[in-house]
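K.L.:
So I've got this file, my_file_27.cif, and it contains mmCIF, C-alpha atoms and all ligand atoms:
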data_data
#
loop_
_atom_site.label_atom_id
_atom_site.label_comp_id
_atom_site.auth_asym_id
_atom_site.auth_seq_id
_atom_site.Cartn_x
_atom_site.Cartn_y
_atom_site.Cartn_z
CA MET A 276 29.25 3.02 23.65
CA ASN A 277 27.12 5.58 25.45
CA LEU A 278 25.54 8.99 24.76
CA ASP A 279 28.85 10.72 25.53
CA THR A 280 30.93 8.62 23.16
CA PHE A 281 28.39 8.41 20.32
CA ILE A 282 29.85 10.20 17.30
CA GLY A 283 27.65 12.68 15.39
CA GLN A 284 23.95 13.66 15.60
CA LYS A 285 24.92 16.19 18.27
CA GLU A 286 21.54 17.91 18.54
CA ILE A 287 19.68 14.62 18.92
CA VAL A 288 22.13 13.34 21.52
CA PHE A 289 21.76 16.64 23.39
CA THR A 290 17.95 16.28 23.37
CA LEU A 291 18.14 12.69 24.58
CA LYS A 292 20.56 13.52 27.37
CA LYS A 293 18.27 16.28 28.58
CA ALA A 294 15.34 13.84 28.49
CA LEU A 295 16.99 11.14 30.58
CA LYS A 296 15.46 12.20 33.89
CA ASN A 297 12.00 12.54 32.48
CA PRO A 298 11.74 10.96 29.03
CA PHE A 299 8.69 11.43 26.81
CA HIS A 300 6.60 8.29 26.23
CA ALA A 301 7.29 8.01 22.49
CA TYR A 302 10.11 8.95 20.16
CA ILE A 303 10.42 8.55 16.42
CA PHE A 304 13.98 8.36 15.14
CA GLU A 305 13.59 9.09 11.46
CA GLY A 306 15.92 9.52 8.52
CA GLU A 307 17.52 7.53 5.72
CA LYS A 308 18.89 4.05 6.31
CA GLY A 309 22.38 3.83 7.75
CA LEU A 310 22.49 6.93 9.98
CA GLY A 311 22.70 5.08 13.30
CA LYS A 312 19.06 5.26 14.41
CA LYS A 313 18.89 1.70 15.75
CA LEU A 314 22.23 2.03 17.51
CA LEU A 315 21.23 5.27 19.20
CA ALA A 316 17.85 3.78 20.16
CA ARG A 317 19.67 0.99 22.00
CA ILE A 318 22.11 3.37 23.65
CA PHE A 319 19.28 5.64 24.83
CA SER A 320 17.32 2.64 26.12
CA LYS A 321 20.31 1.41 28.10
CA HIS A 322 20.67 4.86 29.68
CA ILE A 323 17.00 5.01 30.62
CA LEU A 324 17.05 1.57 32.19
CA CYS A 325 20.40 2.02 33.98
CA GLU A 326 20.09 2.38 37.75
CA ASN A 327 22.35 5.42 37.55
CA LYS A 328 20.72 6.77 34.35
CA SER A 329 24.16 6.84 32.79
CA SER A 330 24.70 3.53 31.02
CA CYS A 331 27.27 2.93 33.74
CA GLY A 332 28.07 -0.61 32.65
CA VAL A 333 28.36 -1.86 36.23
CA CYS A 334 24.79 -1.91 37.62
CA LYS A 335 22.59 -4.98 37.35
CA SER A 336 20.42 -3.32 34.71
CA CYS A 337 23.40 -2.57 32.47
CA HIS A 338 24.63 -6.15 32.86
CA LEU A 339 21.24 -7.52 31.87
CA PHE A 340 21.08 -5.10 28.95
CA ASP A 341 24.54 -6.09 27.69
CA ALA A 342 23.61 -9.75 27.95
CA SER A 343 20.48 -9.04 25.81
CA SER A 344 18.34 -10.38 28.63
CA HIS A 345 16.84 -7.25 30.18
CA PRO A 346 13.21 -8.07 30.98
CA ASP A 347 12.11 -4.45 30.50
CA PHE A 348 13.62 -3.97 27.06
CA LYS A 349 12.07 -5.34 23.89
CA ILE A 350 12.90 -4.95 20.23
CA ILE A 351 10.07 -5.41 17.78
CA LYS A 352 10.75 -5.83 14.09
CA ARG A 353 9.26 -7.44 11.04
CA GLN A 354 9.80 -11.19 10.93
CA GLU A 355 11.77 -12.26 7.90
CA ASP A 356 8.98 -14.28 6.37
CA LYS A 357 6.40 -11.52 6.90
CA LYS A 358 5.65 -8.51 4.73
CA GLU A 359 4.88 -6.17 7.61
CA ILE A 360 4.78 -5.83 11.40
CA SER A 361 1.36 -7.23 12.14
CA VAL A 362 -1.35 -6.05 14.50
CA GLU A 363 -0.74 -9.26 16.50
CA SER A 364 2.82 -8.14 17.27
CA VAL A 365 1.49 -4.83 18.58
CA ARG A 366 -1.16 -6.60 20.66
CA GLU A 367 1.62 -8.66 22.23
CA ILE A 368 3.46 -5.46 23.15
CA ILE A 369 0.33 -4.02 24.73
CA LYS A 370 -0.25 -7.21 26.71
CA ASP A 371 3.36 -7.24 27.84
CA LEU A 372 3.13 -3.56 28.74
CA SER A 373 0.11 -4.10 30.96
CA ARG A 374 2.29 -6.25 33.24
CA GLY A 375 4.53 -3.31 34.13
CA PRO A 376 8.32 -3.27 34.49
CA ILE A 377 9.98 -6.22 36.20
CA PHE A 378 13.39 -4.90 37.03
CA SER A 379 13.67 -1.19 36.19
CA ASP A 380 11.27 1.68 36.72
CA ARG A 381 10.61 1.84 32.97
CA LYS A 382 9.76 -0.48 30.15
CA VAL A 383 11.29 0.35 26.79
CA PHE A 384 10.05 -0.90 23.44
CA VAL A 385 12.07 -0.26 20.32
CA ILE A 386 10.13 -0.77 17.11
CA GLU A 387 12.67 -1.08 14.32
CA GLU A 388 11.77 0.04 10.81
CA GLY A 389 8.43 1.34 12.00
CA GLU A 390 7.35 2.07 8.42
CA GLU A 391 6.73 -1.66 8.22
CA LEU A 392 3.93 -1.51 10.81
CA SER A 393 0.66 -2.34 9.07
CA THR A 394 -2.07 0.29 9.25
CA SER A 395 -4.06 -1.80 11.73
CA ALA A 396 -0.89 -2.31 13.81
CA GLN A 397 -0.39 1.46 13.89
CA ASN A 398 -3.99 2.00 14.91
CA ALA A 399 -3.61 -0.55 17.72
CA LEU A 400 -0.44 1.20 18.86
CA LEU A 401 -2.16 4.56 18.74
CA LYS A 402 -4.46 3.74 21.66
CA THR A 403 -1.42 3.05 23.85
CA LEU A 404 0.33 6.20 22.64
CA GLU A 405 -2.75 8.21 23.60
CA GLU A 406 -2.91 6.86 27.13
CA PRO A 407 0.40 5.21 27.93
CA PRO A 408 1.17 3.76 31.34
CA PRO A 409 3.61 6.13 33.11
CA TYR A 410 6.50 3.66 32.81
CA ALA A 411 6.14 3.03 29.06
CA ILE A 412 8.62 4.34 26.52
CA PHE A 413 8.45 3.66 22.81
CA ILE A 414 11.23 4.37 20.33
CA ILE A 415 10.20 3.88 16.72
CA THR A 416 13.04 3.92 14.20
CA CYS A 417 11.85 4.77 10.74
CA ASN A 418 13.46 5.11 7.29
CA ASN A 419 10.33 6.52 5.71
CA ILE A 420 8.20 8.58 8.08
CA GLU A 421 5.61 9.21 5.38
CA ARG A 422 4.40 5.69 5.95
CA LEU A 423 3.48 6.38 9.58
CA LEU A 424 -0.01 7.65 10.41
CA PRO A 425 -0.09 11.38 11.17
CA THR A 426 -1.80 10.50 14.45
CA VAL A 427 1.14 8.29 15.47
CA ILE A 428 3.61 11.01 14.53
CA SER A 429 1.74 13.72 16.40
CA ARG A 430 1.89 11.73 19.64
CA SER A 431 5.63 11.27 19.48
CA VAL A 432 8.75 13.39 19.66
CA VAL A 433 10.23 13.22 16.17
CA LEU A 434 14.02 13.35 15.93
CA SER A 435 15.37 13.64 12.38
CA PHE A 436 18.78 12.11 11.73
CA LYS A 437 21.10 13.93 9.36
CA ARG A 438 24.09 12.84 7.34
CA TYR A 439 27.43 13.05 9.12
CA SER A 440 30.25 15.49 8.50
CA ALA A 441 33.48 14.24 6.90
CA SER A 442 35.34 14.51 10.21
CA GLU A 443 32.64 12.54 12.04
CA ILE A 444 32.80 9.80 9.40
CA ALA A 445 36.60 9.74 9.72
CA ARG A 446 36.23 9.27 13.48
CA ILE A 447 33.70 6.47 13.01
CA LEU A 448 36.10 4.73 10.62
CA SER A 449 38.98 5.03 13.07
CA GLN A 450 36.72 3.68 15.80
CA ASN A 451 36.17 0.61 13.59
CA ASN A 452 39.90 0.26 12.94
CA LEU A 453 39.50 1.31 9.32
CA GLU A 454 41.76 3.82 7.64
CA PRO A 455 39.79 6.92 6.57
CA LYS A 456 40.32 7.68 2.87
CA ASP A 457 39.23 10.94 1.28
CA TYR A 458 37.65 9.45 -1.82
CA ILE A 459 35.57 6.97 0.20
CA ILE A 460 34.34 9.70 2.57
CA LYS A 461 33.38 11.82 -0.43
CA LEU A 462 31.66 8.99 -2.30
CA CYS A 463 29.63 7.82 0.68
CA LYS A 464 28.22 11.29 1.38
CA GLY A 465 28.04 11.20 5.14
CA ASN A 466 26.23 7.90 5.56
CA PRO A 467 28.16 5.76 8.11
CA LYS A 468 26.66 2.43 7.03
CA ILE A 469 27.41 3.00 3.35
CA THR A 470 30.91 4.13 4.30
CA LEU A 471 31.61 1.11 6.51
CA ASP A 472 30.19 -1.23 3.84
CA PHE A 473 32.50 0.37 1.30
CA TYR A 474 35.45 -1.33 3.02
CA ASN A 475 33.82 -4.67 2.40
CA LYS A 476 35.58 -6.79 -0.21
CA GLU A 477 32.32 -7.75 -1.87
CA VAL A 478 31.36 -4.11 -2.36
CA GLN A 479 34.78 -3.38 -3.82
CA ASN A 480 34.39 -6.29 -6.23
CA LYS A 481 31.05 -4.92 -7.39
CA ARG A 482 32.57 -1.50 -7.91
CA ASP A 483 35.46 -2.96 -9.91
CA TYR A 484 32.98 -4.92 -11.94
CA ILE A 485 30.97 -1.80 -12.79
CA PHE A 486 34.08 0.18 -13.72
CA ASP A 487 35.47 -2.60 -15.89
CA LYS A 488 32.17 -2.86 -17.70
CA ILE A 489 32.03 0.87 -18.36
CA LEU A 490 35.59 0.74 -19.58
CA GLN A 491 34.82 -2.06 -22.01
CA TYR A 492 31.96 -0.03 -23.42
CA ASP A 493 32.85 1.21 -26.88
CA GLY A 494 29.72 3.12 -27.69
CA ALA A 495 28.26 0.55 -30.02
CA GLY A 496 28.89 -2.94 -28.74
CA PHE A 497 25.54 -4.63 -28.51
CA GLY A 498 27.28 -7.85 -27.46
CA LEU A 499 28.53 -6.15 -24.31
CA ILE A 500 25.07 -4.89 -23.47
CA LYS A 501 23.71 -8.41 -23.70
CA GLU A 502 26.45 -9.45 -21.33
CA PHE A 503 25.41 -6.67 -18.95
CA GLU A 504 21.84 -7.86 -19.10
CA SER A 505 22.57 -11.30 -17.66
CA GLU A 506 25.03 -10.08 -15.03
CA PHE A 507 23.14 -7.01 -13.85
CA GLU A 508 20.90 -9.41 -11.95
CA LYS A 509 23.29 -8.98 -9.04
CA PHE A 510 22.41 -5.29 -8.74
CA LYS A 511 18.72 -5.94 -8.44
CA ASN A 512 18.79 -4.88 -4.81
CA ASP A 513 21.21 -2.02 -4.98
CA PHE A 514 20.48 0.08 -7.99
CA GLU A 515 21.41 3.17 -6.05
CA PHE A 516 24.94 1.84 -5.59
CA LEU A 517 25.11 1.00 -9.27
CA PHE A 518 23.90 4.41 -10.42
CA GLU A 519 26.05 6.35 -8.01
CA ASN A 520 29.15 4.48 -9.07
CA ILE A 521 28.46 4.96 -12.76
CA ILE A 522 27.62 8.63 -12.25
CA TYR A 523 30.76 9.33 -10.24
CA PHE A 524 32.89 7.46 -12.77
CA LEU A 525 31.43 9.40 -15.70
CA ARG A 526 31.66 12.66 -13.78
CA ASP A 527 35.34 12.00 -13.09
CA ALA A 528 35.94 11.10 -16.74
CA LEU A 529 34.22 14.31 -17.83
CA LEU A 530 36.22 16.47 -15.44
CA TYR A 531 39.44 14.89 -16.59
CA LYS A 532 38.49 15.33 -20.23
CA LYS A 533 37.77 19.01 -19.66
CA THR A 534 40.69 19.93 -17.41
CA LYS A 535 43.30 17.26 -18.26
CA SER A 536 44.02 17.32 -14.55
CA ILE A 537 43.38 14.72 -11.88
CA GLU A 538 42.81 17.32 -9.21
CA LEU A 539 39.00 17.20 -9.21
CA ILE A 540 38.66 13.43 -9.56
CA THR A 541 36.76 11.69 -6.75
CA ASN A 542 37.63 8.04 -7.45
CA THR A 543 41.31 8.67 -6.85
CA ASP A 544 42.02 4.95 -6.53
CA LYS A 545 40.84 4.37 -10.12
CA LEU A 546 42.70 7.13 -11.95
CA GLU A 547 44.07 4.83 -14.63
CA LYS A 548 40.63 3.56 -15.62
CA ILE A 549 39.11 7.03 -15.62
CA ILE A 550 41.84 8.45 -17.84
CA GLN A 551 41.59 5.47 -20.17
CA PHE A 552 37.83 5.93 -20.54
CA SER A 553 38.12 9.65 -20.96
CA ASN A 554 40.69 9.22 -23.76
CA LYS A 555 38.42 6.79 -25.54
CA HIS A 556 35.29 8.96 -25.82
CA THR A 557 34.36 12.48 -26.88
CA ILE A 558 33.33 15.08 -24.34
CA THR A 559 29.80 15.26 -25.79
CA HIS A 560 29.42 11.52 -25.56
CA ILE A 561 30.50 11.31 -21.91
CA TYR A 562 28.32 14.28 -21.03
CA ARG A 563 25.30 12.66 -22.66
CA LEU A 564 25.88 9.37 -20.86
CA LEU A 565 26.22 11.21 -17.55
CA GLN A 566 22.99 13.10 -18.11
CA ASP A 567 21.16 9.89 -18.97
CA PHE A 568 22.32 8.17 -15.83
CA MET A 569 21.43 11.15 -13.69
CA VAL A 570 17.90 10.92 -15.02
CA LEU A 571 17.82 7.20 -14.24
CA ASP A 572 19.14 7.85 -10.73
CA ARG A 573 16.11 9.97 -9.99
CA TYR A 574 13.83 7.15 -11.05
CA PRO A 575 11.36 6.94 -8.15
CA ASP A 576 11.47 3.41 -6.80
CA ALA A 577 14.08 1.60 -8.82
CA ASN A 578 13.56 -1.72 -7.05
CA VAL A 579 9.90 -1.91 -7.90
CA VAL A 580 10.40 -1.28 -11.58
CA SER A 581 13.73 -3.04 -11.83
CA GLU A 582 13.12 -4.55 -15.25
CA ASN A 583 12.08 -1.27 -16.79
CA VAL A 584 15.10 0.42 -15.33
CA LEU A 585 17.36 -2.28 -16.70
CA ASP A 586 15.81 -1.87 -20.14
CA MET A 587 16.47 1.86 -19.90
CA ILE A 588 20.09 1.29 -18.93
CA PHE A 589 20.67 -1.08 -21.83
CA LEU A 590 19.03 1.33 -24.17
CA LYS A 591 21.22 4.18 -22.98
CA LEU A 592 24.34 2.06 -23.13
CA SER A 593 23.49 1.00 -26.64
CA GLY A 594 23.35 4.66 -27.59
CA GLY A 595 19.56 4.78 -27.89
ZN ZN A 601 24.03 1.10 34.75
#
Could I get this file's structure written as structure tokens?
P.N.:
Amino acid sequence: MNLDTFIGQKEIVFTLKKALKNPFHAYIFEGEKGLGKKLLARIFSKHILCENKSSCGVCKSCHLFDASSHPDFKIIKRQEDKKEISVESVREIIKDLSRGPIFSDRKVFVIEEGEELSTSAQNALLKTLEEPPPYAIFIITCNNIERLLPTVISRSVVLSFKRYSASEIARILSQNNLEPKDYIIKLCKGNPKITLDFYNKEVQNKRDYIFDKILQYDGAGFGLIKEFESEFEKFKNDFEFLFENIIYFLRDALLYKKTKSIELITNTDKLEKIIQFSNKHTITHIYRLLQDFMVLDRYPDANVVSENVLDMIFLKLSGG
């Protein structure tokens, strides 16, 4: 894949193409997880390093890049057993940088998930960003730009990634040999990673699990809630997925209850379950449940306060 075949983020791709001849020394690719920041960082790097500045695929540089052995391209990320990207990692980059490029005329460093750089690591990086060697290029990908120092941000070109249009997502799916489906595109709201993951069997199993649980809910069954409590463990790391699925299910049930038509339903593959649920409960009840979950969905950092959130869910489900 290259800058011409990359799907979506048109403005950013346009900016990067224009910058190929004379790139700035630091870029921040920022935006929510799953929008293709890391992929585009690699594609841009390959272009910069390519002898023809085109990601030609035939020059020595492109061959080295494809074999993940380009001496002038480094990816820096948090090590799995570490909480952050340490100042030592940044010092290593600076040391490496002082040696200059080996093969190309540039040296490219991609720092993935830059929000994980410790404050001292960012300060160490700052000195290099202030006076970079002419061949140095940094690309920092970042899911949460608020965690970067303003001084780091102000010395970089910030490119903000947006969600993709439905037709772009459909093209990405086709590119991955997956059949685009309207309800999936709608549910995943323009995030390619979430959309691609949606085709994963495990994700589908989780979704079925959530829907079956909601369906079993009879408005009073405390036994069911206890059952939820032990099994909700598996959603510890993806509360957002859980909430979104519940909200869309309840929203569908509410729409069906009001209109008695399936026209506005999003989860078109689960019509039977939605109708069943909607026939079982009153409109007021479904509306109240939906409102409660929408409040929970806005809960600031669900992962941090997971137990409290779970308590709140159980309380809501028990009609409290
Ligand atoms: Zn090339």
K.L.:
Produce as a count of residues only the set of residues near ligand ZN 601 (chain A), where near means within 7 Å with only C-alpha atoms and all ligand atoms considered.
P.N.:
13
K.L.:
Fewer than 4 positions away in the same chain doesn't count, so skip those; otherwise give me all residues within 9 Å of Arg430 (chain A), counting all atoms listed in the file, as a ChimeraX atom specification.
P.N.:
/A:300-302,401,404-405,425-426
K.L.:
If I take CA of Cys417 (chain A) and CA of Glu305 (chain A), how far is one from the other in Å, to one decimal?
P.N.:
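Computed distance, CA of Cys417 (chain A) to CA of Glu305 (chain A), equals 4.7 Å.
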K.L.:
Write out as a list in words the residues lying within 9 Å of Glu363 (chain A), counting only C-alpha atoms and excluding same-chain residues fewer than 4 positions away.
P.N.:
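Near Glu363 (chain A), the qualifying residues are Glu367, Ile368 and Ala396 of chain A.
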K.L.:
Keeping only C-alpha atoms, write the selected residues as an mmCIF file, in the coordinates of the input.
P.N.:
data_model
loop_
_atom_site.group_PDB
_atom_site.id
_atom_site.type_symbol
_atom_site.label_atom_id
_atom_site.label_comp_id
_atom_site.auth_asym_id
_atom_site.auth_seq_id
_atom_site.Cartn_x
_atom_site.Cartn_y
_atom_site.Cartn_z
ATOM 1 C CA GLU A 367 1.620 -8.660 22.230
ATOM 2 C CA ILE A 368 3.460 -5.460 23.150
ATOM 3 C CA ALA A 396 -0.890 -2.310 13.810
#
K.L.:
Any chance you could tabulate, as a Markdown table, the residues of region 364-443 of chain A at most 7 Å from region 307-317 of chain A with each one's nearest atom pair and distance in Å to one decimal, using only C-alpha atoms, in chain and rising number order?
P.N.:
| residue | atom | partner | partner_atom | distance |
| --- | --- | --- | --- | --- |
| A:Glu387 | CA | A:Lys313 | CA | 7.0 |
| A:Ile414 | CA | A:Ala316 | CA | 6.6 |
| A:Thr416 | CA | A:Lys312 | CA | 6.2 |
| A:Asn418 | CA | A:Glu307 | CA | 5.0 |
| A:Phe436 | CA | A:Leu310 | CA | 6.6 |
| A:Arg438 | CA | A:Leu310 | CA | 6.7 |
K.L.:
For Glu391 (chain A), which residue out of A:Ile318, A:Leu372, A:Leu423, A:Val365 is the nearest one, using all atoms listed in the file?
P.N.:
A:Leu423
K.L.:
Using all atoms listed in the file, pick whichever of A:Val432, A:Ile447, A:Ile303, A:Met276 has the shortest atom-to-atom distance to Thr470 (chain A).
P.N.:
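Using all atoms listed in the file, Thr470 (chain A) sits closest to A:Ile447.
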K.L.:
Between CA of Arg353 (chain A) and CA of Asp513 (chain A), what is the distance in Å, rounded to a tenth?
P.N.:
20.7 Å
K.L.:
Figure out the distance between CA of Tyr562 (chain A) and CA of Asp544 (chain A), please, to one decimal in Å.
P.N.:
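Taking CA of Asp544 (chain A) as the start and CA of Tyr562 (chain A) as the end point, the length is 22.0 Å.
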K.L.:
Please work out which residues fall within 8 Å of (15.3, 16.2, 19.1), coordinates as given in the file, with all atoms listed in the file counting, and return them as a VMD selection string.
P.N.:
chain A and resid 286 to 291 432 to 435
K.L.:
Which residue is closest to Val570 (chain A)? Choose from A:Lys357, A:Lys488, A:Arg482, A:Ile522 and count all atoms listed in the file.
P.N.:
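Under the stated criterion, the closest residue is A:Ile522.
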K.L.:
For a quick check of understanding, using only C-alpha atoms, which of A:Val427, A:Met569, A:Ile351, A:Leu324 has the smallest distance to Lys382 (chain A)?
P.N.:
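Result for the nearest residue to Lys382 (chain A): A:Leu324.
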K.L.:
Considering all atoms listed in the file, state which residue in the set A:Tyr523, A:Ile369, A:Asn554, A:Ile415 is at the smallest distance from Ile459 (chain A).
P.N.:
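Using all atoms listed in the file, the shortest distance to Ile459 (chain A) belongs to A:Tyr523.
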K.L.:
Would you mind telling me which residue in A:Glu519, A:Glu359, A:Asp347, A:Glu406 lies nearest to Asp380 (chain A) when using only C-alpha atoms?
P.N.:
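Closest candidate: A:Asp347.
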